[in-house]
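Note: the block below is protein09.txt and it holds compact mmCIF, C-alpha atoms and all ligand atoms.
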# COMPACT_ATOMS: atom_id res chain seq x y z
CA MET A 1 231.86 187.10 197.63
CA LEU A 2 228.82 188.61 195.95
CA ILE A 3 227.85 192.11 197.05
CA THR A 4 224.75 193.78 195.68
CA PHE A 5 223.45 197.35 195.82
CA GLU A 6 219.77 198.18 195.75
CA GLY A 7 217.56 201.25 195.95
CA ILE A 8 215.20 203.30 193.84
CA ASP A 9 216.58 205.19 190.85
CA GLY A 10 218.64 208.17 192.01
CA ALA A 11 219.57 206.76 195.44
CA GLY A 12 223.30 207.06 194.68
CA LYS A 13 224.26 203.40 194.18
CA SER A 14 226.76 204.07 191.40
CA THR A 15 228.73 206.60 193.47
CA GLN A 16 229.04 204.15 196.35
CA ILE A 17 230.00 201.29 194.04
CA ILE A 18 232.86 203.33 192.55
CA GLN A 19 234.17 204.18 196.03
CA LEU A 20 233.90 200.57 197.20
CA VAL A 21 235.71 199.22 194.15
CA ASN A 22 238.53 201.74 194.68
CA PHE A 23 238.80 200.67 198.30
CA MET A 24 238.81 196.95 197.52
CA THR A 25 241.27 197.29 194.64
CA ASN A 26 243.64 199.21 196.93
CA GLN A 27 243.38 196.30 199.37
CA GLY A 28 244.60 194.03 196.56
CA MET A 29 241.25 192.33 196.05
CA ASP A 30 240.21 190.97 192.64
CA VAL A 31 236.91 192.76 192.04
CA ILE A 32 234.53 192.99 189.10
CA THR A 33 231.53 195.29 188.88
CA LEU A 34 228.42 194.63 186.86
CA ARG A 35 225.03 196.22 186.45
CA GLU A 36 221.58 194.85 185.80
CA PRO A 37 219.99 194.74 183.35
CA GLY A 38 223.02 194.20 181.09
CA GLY A 39 226.58 192.92 181.39
CA THR A 40 226.78 190.59 178.37
CA ALA A 41 226.28 191.38 174.67
CA SER A 42 222.78 189.90 174.63
CA ALA A 43 221.83 191.27 178.06
CA GLU A 44 222.84 194.78 176.93
CA LYS A 45 220.47 194.42 173.96
CA ILE A 46 217.69 193.36 176.33
CA ARG A 47 218.53 196.42 178.47
CA THR A 48 218.00 198.67 175.45
CA ILE A 49 214.56 197.16 174.85
CA LEU A 50 213.61 197.50 178.52
CA LEU A 51 214.63 201.14 178.89
CA ASP A 52 213.51 202.45 175.47
CA ASN A 53 210.74 204.98 176.21
CA SER A 54 209.29 204.91 172.69
CA HIS A 55 207.27 201.74 173.31
CA LYS A 56 205.18 200.09 176.02
CA ILE A 57 205.89 196.70 177.62
CA SER A 58 203.40 194.71 179.69
CA PRO A 59 204.29 193.85 183.33
CA VAL A 60 204.74 190.16 182.43
CA GLY A 61 206.87 191.01 179.38
CA GLU A 62 208.95 193.31 181.55
CA LEU A 63 209.48 190.61 184.19
CA LEU A 64 210.57 188.07 181.60
CA LEU A 65 212.95 190.48 179.91
CA PHE A 66 214.65 191.44 183.20
CA SER A 67 214.86 187.72 184.00
CA ALA A 68 216.30 186.86 180.58
CA SER A 69 218.99 189.52 181.00
CA ARG A 70 219.79 188.12 184.47
CA ALA A 71 220.02 184.52 183.25
CA GLU A 72 222.64 185.55 180.67
CA LEU A 73 224.68 187.54 183.19
CA VAL A 74 224.57 184.83 185.86
CA GLN A 75 225.59 182.00 183.57
CA ASP A 76 228.15 183.83 181.44
CA VAL A 77 229.79 186.11 183.98
CA ILE A 78 228.76 185.79 187.64
CA VAL A 79 229.12 182.02 188.08
CA PRO A 80 232.58 181.92 186.40
CA ALA A 81 233.79 184.98 188.34
CA LEU A 82 232.71 183.61 191.71
CA GLY A 83 234.23 180.26 190.74
CA ALA A 84 237.54 182.02 190.06
CA GLY A 85 237.48 183.51 193.56
CA LYS A 86 236.66 187.07 192.47
CA THR A 87 234.52 189.50 194.41
CA VAL A 88 231.51 190.51 192.35
CA ILE A 89 229.81 193.85 193.00
CA LEU A 90 226.45 194.05 191.35
CA ASP A 91 224.38 197.18 190.75
CA ARG A 92 220.92 195.59 191.29
CA PHE A 93 219.99 191.90 191.38
CA PHE A 94 216.82 189.95 192.09
CA ASP A 95 215.63 192.23 194.94
CA SER A 96 214.98 194.80 192.18
CA THR A 97 212.63 192.34 190.49
CA THR A 98 210.76 191.70 193.74
CA ALA A 99 210.48 195.43 194.46
CA TYR A 100 209.74 196.74 190.93
CA GLN A 101 207.86 193.92 189.20
CA GLY A 102 206.39 192.37 192.36
CA TYR A 103 205.42 195.28 194.61
CA GLY A 104 205.56 197.96 191.91
CA ARG A 105 203.75 196.26 189.02
CA GLY A 106 201.74 193.83 191.17
CA ILE A 107 203.00 190.49 189.85
CA ASP A 108 202.32 187.54 192.16
CA LEU A 109 205.20 187.21 194.62
CA GLU A 110 205.21 183.41 194.76
CA LEU A 111 205.40 183.22 190.97
CA LEU A 112 208.26 185.72 191.08
CA LYS A 113 210.22 183.53 193.48
CA SER A 114 210.22 180.63 191.00
CA ILE A 115 211.29 182.83 188.10
CA ILE A 116 214.02 184.42 190.21
CA SER A 117 215.37 181.05 191.29
CA LEU A 118 215.40 179.93 187.65
CA SER A 119 217.24 183.02 186.39
CA THR A 120 219.80 183.17 189.23
CA CYS A 121 220.60 179.43 189.45
CA GLY A 122 219.75 179.92 193.14
CA ILE A 123 222.61 182.37 193.78
CA ILE A 124 221.98 184.68 196.75
CA PRO A 125 224.19 187.70 197.58
CA ASP A 126 226.40 187.47 200.67
CA ILE A 127 225.36 191.01 201.52
CA THR A 128 223.08 193.65 200.02
CA PHE A 129 223.39 197.38 200.69
CA TYR A 130 220.08 199.18 200.36
CA LEU A 131 220.22 202.95 199.92
CA ASP A 132 216.99 204.34 201.31
CA ILE A 133 215.65 207.61 199.89
CA ASP A 134 212.26 209.26 199.52
CA PRO A 135 211.14 208.89 195.86
CA ILE A 136 210.63 212.65 195.43
CA GLU A 137 214.11 213.39 196.77
CA ALA A 138 215.53 210.71 194.46
CA MET A 139 213.87 212.24 191.41
CA LYS A 140 214.93 215.77 192.36
CA ARG A 141 218.47 214.54 192.80
CA LYS A 142 218.59 212.54 189.61
CA PHE A 143 217.15 215.16 187.32
CA ALA A 144 217.79 218.32 189.32
CA LYS A 145 214.17 219.27 188.67
CA THR A 146 211.69 220.70 191.14
CA SER A 147 208.54 220.08 189.13
CA ILE A 148 208.00 216.36 189.66
CA PRO A 149 204.76 215.84 187.66
CA LEU A 150 206.36 217.42 184.61
CA ALA A 151 209.57 215.50 185.15
CA PHE A 152 207.78 212.16 184.73
CA GLU A 153 206.92 213.05 181.14
CA ASP A 154 210.39 214.27 180.35
CA GLU A 155 211.80 212.94 177.06
CA GLU A 156 215.09 212.18 178.81
CA LEU A 157 213.52 209.70 181.22
CA ASP A 158 213.79 206.04 180.36
CA ARG A 159 210.71 203.78 180.19
CA MET A 160 211.02 202.68 183.83
CA GLU A 161 211.58 206.22 185.12
CA ARG A 162 208.37 207.36 183.43
CA SER A 163 206.33 205.09 185.71
CA GLY A 164 205.38 207.94 188.07
CA ILE A 165 205.69 208.75 191.75
CA GLU A 166 203.00 206.29 192.95
CA PHE A 167 204.92 203.45 191.31
CA TYR A 168 208.11 204.51 193.09
CA ARG A 169 206.27 204.66 196.41
CA LYS A 170 205.13 201.05 195.90
CA VAL A 171 208.70 200.05 194.99
CA GLN A 172 210.04 201.71 198.15
CA GLN A 173 207.39 199.92 200.22
CA GLY A 174 208.40 196.70 198.50
CA TYR A 175 212.02 197.18 199.50
CA ARG A 176 210.89 197.72 203.10
CA GLU A 177 209.08 194.36 203.03
CA ILE A 178 212.15 192.67 201.53
CA ILE A 179 214.28 194.14 204.33
CA LYS A 180 211.89 192.82 207.00
CA GLN A 181 212.11 189.33 205.53
CA ASN A 182 215.91 189.36 204.98
CA SER A 183 217.11 191.50 207.84
CA HIS A 184 220.55 189.88 208.08
CA ARG A 185 221.42 190.03 204.37
CA LEU A 186 220.16 193.58 203.75
CA VAL A 187 221.96 196.52 205.32
CA VAL A 188 219.94 199.75 205.21
CA LEU A 189 221.80 203.01 204.63
CA ASN A 190 220.35 206.51 204.64
CA ALA A 191 220.98 207.82 201.11
CA MET A 192 220.69 211.42 202.39
CA ASP A 193 223.84 211.01 204.53
CA PRO A 194 227.05 212.50 203.04
CA VAL A 195 228.67 210.23 200.42
CA SER A 196 231.82 209.70 202.52
CA ASP A 197 229.78 208.73 205.62
CA ILE A 198 227.86 206.13 203.64
CA HIS A 199 231.12 204.76 202.24
CA HIS A 200 232.57 204.41 205.75
CA GLN A 201 229.44 202.65 206.97
CA ILE A 202 229.76 200.18 204.09
CA ILE A 203 233.44 199.47 204.85
CA THR A 204 232.71 199.07 208.57
CA VAL A 205 229.96 196.51 207.92
CA LEU A 206 232.10 194.59 205.42
CA LYS A 207 235.12 194.46 207.77
CA ASP A 208 232.85 193.33 210.55
CA ARG A 209 231.35 190.45 208.60
CA PHE A 210 234.02 189.32 206.15
CA PRO A 211 237.79 188.80 206.17
CA ILE A 212 238.66 191.85 204.05
P1 LIG B 1 219.29 201.95 185.31
O1 LIG B 1 219.49 203.08 184.37
O2 LIG B 1 220.41 200.96 185.46
O3 LIG B 1 218.82 202.53 186.70
P2 LIG B 1 219.59 202.77 188.05
O4 LIG B 1 220.77 203.64 187.73
O5 LIG B 1 218.58 203.42 188.93
O6 LIG B 1 219.97 201.39 188.57
O7 LIG B 1 217.95 201.22 184.87
C1 LIG B 1 217.50 200.07 185.45
C2 LIG B 1 216.02 200.22 185.66
O8 LIG B 1 215.42 198.93 185.66
C3 LIG B 1 215.66 200.85 187.00
O9 LIG B 1 214.53 201.67 186.82
C4 LIG B 1 215.26 199.67 187.86
C5 LIG B 1 214.68 198.72 186.85
N1 LIG B 1 214.75 197.27 187.20
C6 LIG B 1 213.58 196.55 187.37
O10 LIG B 1 212.48 197.11 187.28
N2 LIG B 1 213.66 195.22 187.65
C7 LIG B 1 214.85 194.56 187.73
O11 LIG B 1 214.89 193.33 187.98
C8 LIG B 1 216.06 195.32 187.53
C9 LIG B 1 217.39 194.64 187.59
C10 LIG B 1 215.97 196.67 187.27
Would you encode the structure as structure tokens?
Ligand code: TYD
Amino acid sequence: MLITFEGIDGAGKSTQIIQLVNFMTNQGMDVITLREPGGTASAEKIRTILLDNSHKISPVGELLLFSASRAELVQDVIVPALGAGKTVILDRFFDSTTAYQGYGRGIDLELLKSIISLSTCGIIPDITFYLDIDPIEAMKRKFAKTSIPLAFEDEELDRMERSGIEFYRKVQQGYREIIKQNSHRLVVLNAMDPVSDIHHQIITVLKDRFPI
């Protein structure tokens, strides 16, 4: 089973992933967790290039780097793990590319589909949990700052996080379009709900749909 988590930066994906892994491990399930970009030696190097805020990268360059990182992870880790019967929990997958590079950066969506199918070997998650949050709330939460315009120039922000609030609004809108087109695969959760409530919603949906 392949489970993915999506949402704009600061939505709380990592917290939910940790809780889900604990739950599944206690159930005796064989689970591995991975994050994108990254997850193999070469993909981690690509991650460093993508997030380094000391240089600029064009939208096409960015798309190809995210896709290169994904191709490595899929071939080296995800395909073998799924083949061995493991459950793979992935912090971001190709929906991030559609939302960030497609809707956010404005790259043609049809072109994106071909590149995504190339980099994923056609693998589609069994279920995707989307944590929905307003971009301003997400930024406040992530950086505990109240002055958003200043925060976007903060030295501590990575290259993607420096893209600004308008970019994040487009990304959020993009996710909403993805949800409309994949309403069965994507499960929308309110990221402002208490952490334990979100966790219980996730478990309920999983028990409902899969033999766990
Ligand atoms: P990361 O620090 O992992 O962010 P988060 O904790 O929010 O997941 O950085 C990944 C960044 O890369 C994040 O801003 C989302 C972005 N991204 C894309 O733009 N396209 C993609 O295909 C992927 C996988 C991530």
### Task
Enumerate residues in contact with ligand LIG 1 (chain B): an atom-to-atom distance of at most 6 Å, counting all atoms listed in the file. Format the result as a list in words.
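So, counting all atoms listed in the file, the residues near ligand LIG 1 (chain B) are Ile8, Asp9, Gly10, Glu36, Pro37, Phe66, Arg92, Phe93, Phe94, Ser96, Thr97, Tyr100, Gln101, Met160 and Glu161 of chain A.
As for CA of Arg159 in chain A and CA of Ser54 in chain A, they are spaced 7.7 Å apart.
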### Query
With all atoms listed in the file as the basis for distance, which of A:Tyr103, A:Phe5, A:Tyr130, A:Phe23 is at the shortest distance from Asn190 in chain A?
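Closest candidate: A:Tyr130.
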### Query
Do you know which residues are at most 9 Å from Ser42 in chain A counting all atoms listed in the file, after dropping those on the same chain fewer than 5 positions away, and could you put them as a PyMOL selection string?
chain A and resi 47+69+72
### Task
Can you work out the spacing between CA of Leu90 in chain A and CA of Leu34 in chain A in Å, to one decimal?
4.9 Å
### Query
Of the candidates A:Val79, A:Ala68, A:Met192, A:Val187, which shows the shortest atom-to-atom distance to Ser119 in chain A, using only C-alpha atoms?
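Under the stated criterion, the closest residue is A:Ala68.
If you look at CA of Tyr175 in chain A and CA of Glu110 in chain A, they are 16.1 Å away from each other.
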### Query
Do you know which residues are at most 10 Å from Met24 in chain A counting all atoms listed in the file, after dropping those on the same chain fewer than 4 positions away, and could you put them as a list in words?
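After dropping sequence-adjacent residues, the list is Gln19, Leu20, Gly28, Met29, Asp30, Val31, Thr87, Ile203 and Ile212 of chain A.
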### Message
Excluding Val60 in chain A and its own-chain neighbours fewer than 6 positions away, which residues fall within 10 Å of it when counting all atoms listed in the file? Please give them as a list in words.
### Response
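Counting all atoms listed in the file, the residues come to Gln101, Arg105, Gly106 and Ile107 of chain A.
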### Message
Considering all atoms listed in the file, can you say which of A:Leu2, A:Ile115, A:Ile46, A:Val88 comes closest to Thr128 in chain A?
### Response
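When distances to Thr128 in chain A are compared using all atoms listed in the file, the smallest one comes from A:Leu2.
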### Summary
Of A:Leu82, A:Leu131, A:Val205, A:Ile178, the one nearest to Gly102 in chain A when counting all atoms listed in the file is A:Ile178
### Query
Using only C-alpha atoms, which residue out of A:Ala81, A:Ala11, A:Glu156, A:Arg209 lies closest to Asp134 in chain A?
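Comparing A:Ala81, A:Ala11, A:Glu156, A:Arg209 against Asp134 in chain A, the winner is A:Ala11.
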#### Entry: Residue neighbourhood Glu155 in chain A, 12 Å, only C-alpha atoms, exclusion window fewer than 5 positions, as an MDAnalysis selection string
chainID A and resid 52:54 143 150 161:162
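For the choices A:Asp126, A:Asp91, A:Asp158, A:Glu166, the atom-to-atom distance to Gln16 in chain A is smallest for A:Asp91 when using only C-alpha atoms.
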